[in-house]
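Here the structure comes first, spelled out in structure tokens, and everything after it is commentary.
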Amino acid sequence: MESVPCAGCSTFFVPRNKCQIFCSEPDCQRVRKALWQKQKLATDPEYKEGQRLAQKKWLQNNPDYWKNYRHMNLKKADRNRSLQKIRNMRNRQDQPVGKVSKTIGIAKMDARKSREYNLSGEYWLVPTVAKMDAVKIFITSVPVNSP
């Protein structure tokens with residue numbers, strides 16, 4: 001058989017049969033399995049129900065897993081809480097409530113008029129326009145010298 005490019009890593013390999021599109025590398029096999037499982041969950045209700053029951057059973061056998069995970073990964077838990085608050089706000093925005101701006105979340109340079117708030121601290125900058133990862137930023141107040 002003729003060499004073909006792998007759908008996972010794009011390297012050329014000789015397939016064992018004409019249906020094989022992934023090479024035998026472990027990372028490519030993981031991608032293949034994940035794609036198969038995603039397709040199976042979308043098309044097979046019995047498989048989906050079996051997976052749901054297996055997850056439920058596992059959670060019953062490991063009831064403190066998420067509590068322990070959050071305790072051991074405080075930064076991840078804080079980040080997830082912050083991101084969930086943003087998702088909740090976004091979901092509330094999608095509901096029709098009079099005049100709601102769809103551009104909330106885009107920086108407005110003149111939005112903060114008052115100097116009475118201390119914004120110094122650690123924040124997560126979460127892009128709402130482009131698909132990018134959240135970034136942790138540090139903000140420090142700098143006094144403005146007025147002439």
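A note on labels: chains of the structure tokens are A, B, ... as shown, every chain counts residues from 1, and ligands are counted from 1 in their shown order.
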Write out as a PDB file with C-alpha atoms, in the first residue's frame each polymer residue whose atoms come within 12 Å of Asn68 (chain A), counting only C-alpha atoms; drop sequence neighbours fewer than 6 positions from it.
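Heads up, here's the output in selection-v1.pdb:
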ATOM      1  CA  ASN A  62     -15.422   8.632  45.171  1.00  0.00           C
ATOM      2  CA  LEU A  74      -6.589  26.335  45.078  1.00  0.00           C
ATOM      3  CA  ALA A  77     -10.472  26.437  41.844  1.00  0.00           C
TER       4      ALA A  77
END
Nearby residues (only C-alpha atoms) at most 8 Å from Cys6 (chain A), same-chain spacing under 3 positions excluded, as a PyMOL selection string: chain A and resi 9-13+21-23
Find the residues near Leu35 (chain A): any atom within 12 Å, counting only C-alpha atoms, skip ones fewer than 5 places away on the same chain, and give them as number ranges by chain. A: 7-8, 22, 28-30, 40-42
Residue neighbourhood Arg16 (chain A), 12 Å, only C-alpha atoms, exclusion window fewer than 6 positions, as a list in words: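 These residues fall inside the cut-off: Met1, Glu2, Ser3, Val4, Phe22, Cys23 and Ser24 of chain A.
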Non-local contacts of Ile86 (chain A) (9 Å; only C-alpha atoms; under 5 positions in same chain excluded) as a list in words: Arg81, Asn91 and Val126 of chain A
Using only C-alpha atoms, please write the residues we just selected to a file, as a compact mmCIF listing (two decimals), in the first residue's frame.
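Result file is selection.txt:
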# COMPACT_ATOMS: atom_id res chain seq x y z
CA ARG A 81 -15.01 30.25 40.13
CA ASN A 91 -25.99 33.86 30.24
CA VAL A 126 -10.76 36.79 30.40
The distance between CA of Lys33 (chain A) and CA of Lys57 (chain A) is 22.5 Å
Any idea what the distance is between CA of Ile139 (chain A) and CA of Lys75 (chain A)?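 Distance between the two atoms: 17.8 Å.
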